[in-house]
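S.K.: Just one file: upload_37.cif, with mmCIF, N, CA and C atoms.
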data_target
loop_
_atom_site.label_atom_id
_atom_site.label_comp_id
_atom_site.auth_asym_id
_atom_site.auth_seq_id
_atom_site.Cartn_x
_atom_site.Cartn_y
_atom_site.Cartn_z
N MET A 1 -7.48 -10.80 -8.32
CA MET A 1 -6.75 -9.61 -7.94
C MET A 1 -5.27 -9.84 -8.21
N LYS A 2 -4.62 -8.78 -8.57
CA LYS A 2 -3.22 -8.90 -8.94
C LYS A 2 -2.30 -8.21 -7.94
N ARG A 3 -1.11 -8.73 -7.82
CA ARG A 3 -0.04 -8.06 -7.08
C ARG A 3 0.68 -7.20 -8.10
N PHE A 4 1.03 -5.98 -7.72
CA PHE A 4 1.74 -5.11 -8.63
C PHE A 4 2.86 -4.39 -7.89
N LYS A 5 3.83 -3.94 -8.67
CA LYS A 5 5.01 -3.30 -8.11
C LYS A 5 4.94 -1.80 -8.37
N ILE A 6 5.25 -1.03 -7.34
CA ILE A 6 5.31 0.42 -7.48
C ILE A 6 6.62 0.93 -6.89
N GLN A 7 7.00 2.11 -7.29
CA GLN A 7 8.10 2.81 -6.62
C GLN A 7 7.47 3.94 -5.85
N TYR A 8 7.83 4.05 -4.58
CA TYR A 8 7.21 5.05 -3.71
C TYR A 8 8.27 5.58 -2.75
N THR A 9 8.16 6.85 -2.41
CA THR A 9 9.12 7.46 -1.49
C THR A 9 8.57 7.41 -0.07
N ILE A 10 9.33 6.78 0.81
CA ILE A 10 9.00 6.70 2.23
C ILE A 10 10.18 7.25 3.01
N LYS A 11 9.90 8.27 3.81
CA LYS A 11 10.94 8.92 4.63
C LYS A 11 12.13 9.36 3.80
N GLY A 12 11.84 9.93 2.61
CA GLY A 12 12.88 10.47 1.75
C GLY A 12 13.63 9.44 0.92
N GLU A 13 13.27 8.18 1.02
CA GLU A 13 13.95 7.12 0.27
C GLU A 13 12.97 6.45 -0.69
N GLN A 14 13.34 6.43 -1.97
CA GLN A 14 12.47 5.78 -2.95
C GLN A 14 12.73 4.28 -2.91
N ILE A 15 11.66 3.52 -2.70
CA ILE A 15 11.79 2.07 -2.60
C ILE A 15 10.75 1.38 -3.48
N ASP A 16 11.04 0.14 -3.82
CA ASP A 16 10.08 -0.69 -4.53
C ASP A 16 9.15 -1.32 -3.51
N LEU A 17 7.87 -1.30 -3.80
CA LEU A 17 6.87 -1.94 -2.95
C LEU A 17 6.03 -2.87 -3.80
N TYR A 18 5.68 -4.00 -3.22
CA TYR A 18 4.77 -4.94 -3.86
C TYR A 18 3.42 -4.77 -3.18
N ALA A 19 2.42 -4.40 -3.96
CA ALA A 19 1.09 -4.12 -3.41
C ALA A 19 0.08 -5.12 -3.95
N GLU A 20 -0.86 -5.47 -3.09
CA GLU A 20 -1.91 -6.40 -3.50
C GLU A 20 -3.22 -6.00 -2.81
N PRO A 21 -4.27 -5.78 -3.60
CA PRO A 21 -5.57 -5.49 -2.97
C PRO A 21 -6.05 -6.72 -2.22
N MET A 22 -6.68 -6.50 -1.08
CA MET A 22 -7.14 -7.60 -0.24
C MET A 22 -8.65 -7.79 -0.30
N ASP A 23 -9.32 -6.95 -1.09
CA ASP A 23 -10.76 -7.09 -1.26
C ASP A 23 -11.14 -6.66 -2.68
N LEU A 24 -12.33 -7.01 -3.10
CA LEU A 24 -12.76 -6.73 -4.47
C LEU A 24 -12.98 -5.25 -4.74
N ASN A 25 -13.21 -4.47 -3.71
CA ASN A 25 -13.45 -3.03 -3.88
C ASN A 25 -12.18 -2.20 -3.79
N HIS A 26 -11.04 -2.84 -3.57
CA HIS A 26 -9.75 -2.17 -3.45
C HIS A 26 -9.76 -1.14 -2.32
N ARG A 27 -10.34 -1.50 -1.20
CA ARG A 27 -10.39 -0.63 -0.04
C ARG A 27 -9.41 -1.10 1.04
N MET A 28 -8.67 -2.18 0.76
CA MET A 28 -7.65 -2.68 1.67
C MET A 28 -6.49 -3.21 0.82
N TYR A 29 -5.28 -2.84 1.20
CA TYR A 29 -4.09 -3.29 0.48
C TYR A 29 -3.07 -3.86 1.45
N SER A 30 -2.34 -4.85 0.97
CA SER A 30 -1.18 -5.36 1.67
C SER A 30 0.04 -4.90 0.87
N LEU A 31 1.04 -4.35 1.57
CA LEU A 31 2.26 -3.88 0.92
C LEU A 31 3.46 -4.57 1.53
N GLU A 32 4.40 -4.95 0.66
CA GLU A 32 5.63 -5.61 1.10
C GLU A 32 6.82 -4.86 0.52
N ARG A 33 7.87 -4.74 1.32
CA ARG A 33 9.10 -4.10 0.83
C ARG A 33 9.91 -5.06 -0.01
N LYS A 34 9.68 -6.33 0.18
CA LYS A 34 10.26 -7.40 -0.64
C LYS A 34 9.25 -8.53 -0.61
N LEU A 35 9.33 -9.41 -1.58
CA LEU A 35 8.40 -10.53 -1.60
C LEU A 35 8.56 -11.34 -0.32
N MET A 36 7.44 -11.74 0.25
CA MET A 36 7.40 -12.50 1.50
C MET A 36 7.95 -11.69 2.68
N ASP A 37 7.73 -10.40 2.68
CA ASP A 37 8.13 -9.50 3.77
C ASP A 37 7.51 -10.01 5.07
N PRO A 38 8.31 -10.23 6.11
CA PRO A 38 7.74 -10.73 7.38
C PRO A 38 6.90 -9.68 8.11
N HIS A 39 7.01 -8.40 7.70
CA HIS A 39 6.24 -7.33 8.33
C HIS A 39 5.54 -6.49 7.26
N PRO A 40 4.55 -7.07 6.59
CA PRO A 40 3.84 -6.29 5.57
C PRO A 40 3.02 -5.17 6.21
N LEU A 41 2.76 -4.15 5.42
CA LEU A 41 1.91 -3.06 5.85
C LEU A 41 0.52 -3.32 5.31
N LEU A 42 -0.46 -3.31 6.18
CA LEU A 42 -1.84 -3.53 5.78
C LEU A 42 -2.59 -2.22 6.01
N ILE A 43 -3.11 -1.63 4.92
CA ILE A 43 -3.85 -0.38 5.05
C ILE A 43 -5.27 -0.57 4.54
N GLU A 44 -6.18 0.19 5.12
CA GLU A 44 -7.59 0.07 4.75
C GLU A 44 -8.20 1.46 4.65
N HIS A 45 -9.14 1.61 3.73
CA HIS A 45 -9.85 2.88 3.60
C HIS A 45 -11.12 2.83 4.44
N GLY A 46 -11.26 3.79 5.32
CA GLY A 46 -12.43 3.85 6.19
C GLY A 46 -13.15 5.18 6.02
N GLU A 47 -14.00 5.46 6.95
CA GLU A 47 -14.82 6.66 6.92
C GLU A 47 -14.00 7.95 6.88
N HIS A 48 -12.82 7.93 7.51
CA HIS A 48 -11.99 9.14 7.62
C HIS A 48 -10.68 9.02 6.83
N GLY A 49 -10.67 8.23 5.78
CA GLY A 49 -9.48 8.08 4.96
C GLY A 49 -8.78 6.75 5.20
N TRP A 50 -7.55 6.68 4.77
CA TRP A 50 -6.75 5.46 4.88
C TRP A 50 -6.11 5.37 6.26
N PHE A 51 -6.02 4.14 6.78
CA PHE A 51 -5.38 3.93 8.08
C PHE A 51 -4.70 2.56 8.09
N VAL A 52 -3.74 2.40 9.01
CA VAL A 52 -2.96 1.18 9.13
C VAL A 52 -3.72 0.14 9.95
N LYS A 53 -3.80 -1.08 9.43
CA LYS A 53 -4.44 -2.20 10.13
C LYS A 53 -3.42 -3.14 10.76
N SER A 54 -2.19 -3.12 10.28
CA SER A 54 -1.17 -4.04 10.78
C SER A 54 -0.50 -3.47 12.03
N GLN A 55 0.21 -4.33 12.77
CA GLN A 55 0.90 -3.89 13.97
C GLN A 55 2.05 -2.95 13.63
N ASP A 56 2.75 -3.23 12.55
CA ASP A 56 3.90 -2.41 12.14
C ASP A 56 3.41 -1.36 11.14
N ASN A 57 3.58 -0.09 11.48
CA ASN A 57 3.13 0.97 10.57
C ASN A 57 4.27 1.53 9.72
N TRP A 58 5.44 0.90 9.78
CA TRP A 58 6.63 1.30 9.03
C TRP A 58 7.04 2.73 9.35
N GLY A 59 6.60 3.27 10.48
CA GLY A 59 6.96 4.63 10.86
C GLY A 59 6.21 5.71 10.10
N LEU A 60 5.12 5.34 9.43
CA LEU A 60 4.35 6.31 8.64
C LEU A 60 3.32 7.00 9.53
N ASN A 61 3.14 8.29 9.30
CA ASN A 61 2.09 9.00 10.02
C ASN A 61 0.79 8.94 9.21
N LYS A 62 -0.28 9.48 9.77
CA LYS A 62 -1.60 9.40 9.14
C LYS A 62 -1.60 10.01 7.75
N GLU A 63 -0.96 11.14 7.58
CA GLU A 63 -0.90 11.81 6.28
C GLU A 63 -0.17 10.95 5.25
N ASP A 64 0.94 10.35 5.65
CA ASP A 64 1.70 9.46 4.75
C ASP A 64 0.84 8.28 4.30
N VAL A 65 0.09 7.71 5.23
CA VAL A 65 -0.75 6.56 4.92
C VAL A 65 -1.87 6.95 3.95
N ASN A 66 -2.46 8.12 4.16
CA ASN A 66 -3.49 8.60 3.24
C ASN A 66 -2.94 8.81 1.84
N GLU A 67 -1.77 9.43 1.73
CA GLU A 67 -1.15 9.65 0.43
C GLU A 67 -0.84 8.33 -0.26
N LEU A 68 -0.33 7.36 0.49
CA LEU A 68 -0.01 6.06 -0.07
C LEU A 68 -1.27 5.35 -0.56
N GLY A 69 -2.32 5.37 0.22
CA GLY A 69 -3.58 4.75 -0.19
C GLY A 69 -4.14 5.36 -1.46
N GLU A 70 -4.11 6.68 -1.55
CA GLU A 70 -4.60 7.35 -2.75
C GLU A 70 -3.73 7.02 -3.96
N TYR A 71 -2.44 6.93 -3.74
CA TYR A 71 -1.52 6.56 -4.82
C TYR A 71 -1.83 5.14 -5.33
N LEU A 72 -2.06 4.23 -4.41
CA LEU A 72 -2.38 2.85 -4.80
C LEU A 72 -3.66 2.78 -5.63
N GLU A 73 -4.65 3.56 -5.25
CA GLU A 73 -5.91 3.57 -6.00
C GLU A 73 -5.67 4.01 -7.45
N ARG A 74 -4.81 5.00 -7.64
CA ARG A 74 -4.53 5.50 -9.00
C ARG A 74 -3.69 4.50 -9.80
N GLU A 75 -2.75 3.85 -9.14
CA GLU A 75 -1.79 3.00 -9.83
C GLU A 75 -2.31 1.60 -10.16
N TYR A 76 -3.30 1.12 -9.46
CA TYR A 76 -3.74 -0.26 -9.62
C TYR A 76 -4.06 -0.60 -11.09
N ASP A 77 -4.85 0.19 -11.75
CA ASP A 77 -5.26 -0.12 -13.11
C ASP A 77 -4.14 0.09 -14.13
N GLN A 78 -3.16 0.91 -13.79
CA GLN A 78 -2.09 1.24 -14.72
C GLN A 78 -0.89 0.30 -14.63
N SER A 79 -0.78 -0.43 -13.55
CA SER A 79 0.41 -1.26 -13.30
C SER A 79 0.21 -2.69 -13.81
N PRO A 80 1.24 -3.22 -14.47
CA PRO A 80 1.13 -4.63 -14.89
C PRO A 80 1.26 -5.54 -13.68
N PRO A 81 0.67 -6.74 -13.74
CA PRO A 81 0.82 -7.67 -12.61
C PRO A 81 2.27 -8.06 -12.40
N GLU A 82 2.64 -8.33 -11.17
CA GLU A 82 4.02 -8.71 -10.84
C GLU A 82 4.11 -10.20 -10.66
#
Write the structure described by the file as structure tokens, please.
M.R.:
Amino acid sequence: MKRFKIQYTIKGEQIDLYAEPMDLNHRMYSLERKLMDPHPLLIEHGEHGWFVKSQDNWGLNKEDVNELGEYLEREYDQSPPE
């Protein structure tokens, strides 16, 4: 599995995120705002969409997390490894 870099808008600010799938089916991702982020965002796809697994949700609501998860699914194959 590869780590890849995306640009994504969170709370009106476009930021670089480093994303890495945590399973072979790409149903769980770890996201970092910088490499070795002490508070990564861990999201997982479940029965009712994407949800946060980590303690820190970066202030994202359920809709934001769903949009981010769907974006990651689309971008994974198109992004070069970081």
S.K.: Determine the nearest neighbour of Ile10 in chain A from the options A:Leu60, A:Leu72, A:Leu35, A:Ile43, counting only N, CA and C atoms.
M.R.: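 For Ile10 in chain A, the nearest of the candidates is A:Leu60.
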S.K.: Atom N of Ala19 in chain A and atom C of Glu73 in chain A, how far apart in Å?
M.R.: 12.2 Å
S.K.: Axis-aligned box over every listed atom of range 19-22 of chain A, padded by 6 Å per side: centre and edges in Å to one decimal, as JSON?
M.R.:
{"center_x": -3.1, "center_y": -6.0, "center_z": -2.1, "size_x": 23.1, "size_y": 15.7, "size_z": 15.7}
S.K.: Check which residues satisfy the PyMOL selection byres ((chain A and resi 61-70) around 8) in the file shown, then give them as a PDB file with N, CA and C atoms, in the coordinates of the input.
M.R.:
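Writing done, so here's result_36.pdb:
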ATOM      1  N   TYR A  29      -5.280  -2.840   1.200  1.00  0.00           N
ATOM      2  CA  TYR A  29      -4.090  -3.290   0.480  1.00  0.00           C
ATOM      3  C   TYR A  29      -3.070  -3.860   1.450  1.00  0.00           C
ATOM      4  N   ILE A  43      -3.110  -1.630   4.920  1.00  0.00           N
ATOM      5  CA  ILE A  43      -3.850  -0.380   5.050  1.00  0.00           C
ATOM      6  C   ILE A  43      -5.270  -0.570   4.540  1.00  0.00           C
ATOM      7  N   GLU A  44      -6.180   0.190   5.120  1.00  0.00           N
ATOM      8  CA  GLU A  44      -7.590   0.070   4.750  1.00  0.00           C
ATOM      9  C   GLU A  44      -8.200   1.460   4.650  1.00  0.00           C
ATOM     10  N   HIS A  45      -9.140   1.610   3.730  1.00  0.00           N
ATOM     11  CA  HIS A  45      -9.850   2.880   3.600  1.00  0.00           C
ATOM     12  C   HIS A  45     -11.120   2.830   4.440  1.00  0.00           C
ATOM     13  N   GLY A  49     -10.670   8.230   5.780  1.00  0.00           N
ATOM     14  CA  GLY A  49      -9.480   8.080   4.960  1.00  0.00           C
ATOM     15  C   GLY A  49      -8.780   6.750   5.200  1.00  0.00           C
ATOM     16  N   TRP A  50      -7.550   6.680   4.770  1.00  0.00           N
ATOM     17  CA  TRP A  50      -6.750   5.460   4.880  1.00  0.00           C
ATOM     18  C   TRP A  50      -6.110   5.370   6.260  1.00  0.00           C
ATOM     19  N   PHE A  51      -6.020   4.140   6.780  1.00  0.00           N
ATOM     20  CA  PHE A  51      -5.380   3.930   8.080  1.00  0.00           C
ATOM     21  C   PHE A  51      -4.700   2.560   8.090  1.00  0.00           C
ATOM     22  N   VAL A  52      -3.740   2.400   9.010  1.00  0.00           N
ATOM     23  CA  VAL A  52      -2.960   1.180   9.130  1.00  0.00           C
ATOM     24  C   VAL A  52      -3.720   0.140   9.950  1.00  0.00           C
ATOM     25  N   ASN A  57       3.580  -0.090  11.480  1.00  0.00           N
ATOM     26  CA  ASN A  57       3.130   0.970  10.570  1.00  0.00           C
ATOM     27  C   ASN A  57       4.270   1.530   9.720  1.00  0.00           C
ATOM     28  N   TRP A  58       5.440   0.900   9.780  1.00  0.00           N
ATOM     29  CA  TRP A  58       6.630   1.300   9.030  1.00  0.00           C
ATOM     30  C   TRP A  58       7.040   2.730   9.350  1.00  0.00           C
ATOM     31  N   GLY A  59       6.600   3.270  10.480  1.00  0.00           N
ATOM     32  CA  GLY A  59       6.960   4.630  10.860  1.00  0.00           C
ATOM     33  C   GLY A  59       6.210   5.710  10.100  1.00  0.00           C
ATOM     34  N   LEU A  60       5.120   5.340   9.430  1.00  0.00           N
ATOM     35  CA  LEU A  60       4.350   6.310   8.640  1.00  0.00           C
ATOM     36  C   LEU A  60       3.320   7.000   9.530  1.00  0.00           C
ATOM     37  N   TYR A  71      -2.440   6.930  -3.740  1.00  0.00           N
ATOM     38  CA  TYR A  71      -1.520   6.560  -4.820  1.00  0.00           C
ATOM     39  C   TYR A  71      -1.830   5.140  -5.330  1.00  0.00           C
ATOM     40  N   LEU A  72      -2.060   4.230  -4.410  1.00  0.00           N
ATOM     41  CA  LEU A  72      -2.380   2.850  -4.800  1.00  0.00           C
ATOM     42  C   LEU A  72      -3.660   2.780  -5.630  1.00  0.00           C
ATOM     43  N   GLU A  73      -4.650   3.560  -5.250  1.00  0.00           N
ATOM     44  CA  GLU A  73      -5.910   3.570  -6.000  1.00  0.00           C
ATOM     45  C   GLU A  73      -5.670   4.010  -7.450  1.00  0.00           C
ATOM     46  N   ARG A  74      -4.810   5.000  -7.640  1.00  0.00           N
ATOM     47  CA  ARG A  74      -4.530   5.500  -9.000  1.00  0.00           C
ATOM     48  C   ARG A  74      -3.690   4.500  -9.800  1.00  0.00           C
ATOM     49  N   GLU A  75      -2.750   3.850  -9.140  1.00  0.00           N
ATOM     50  CA  GLU A  75      -1.790   3.000  -9.830  1.00  0.00           C
ATOM     51  C   GLU A  75      -2.310   1.600 -10.160  1.00  0.00           C
TER      52      GLU A  75
END
S.K.: State, in Å with one decimal place, the distance from atom N of Arg33 in chain A to atom N of Asp16 in chain A.
M.R.: 7.8 Å
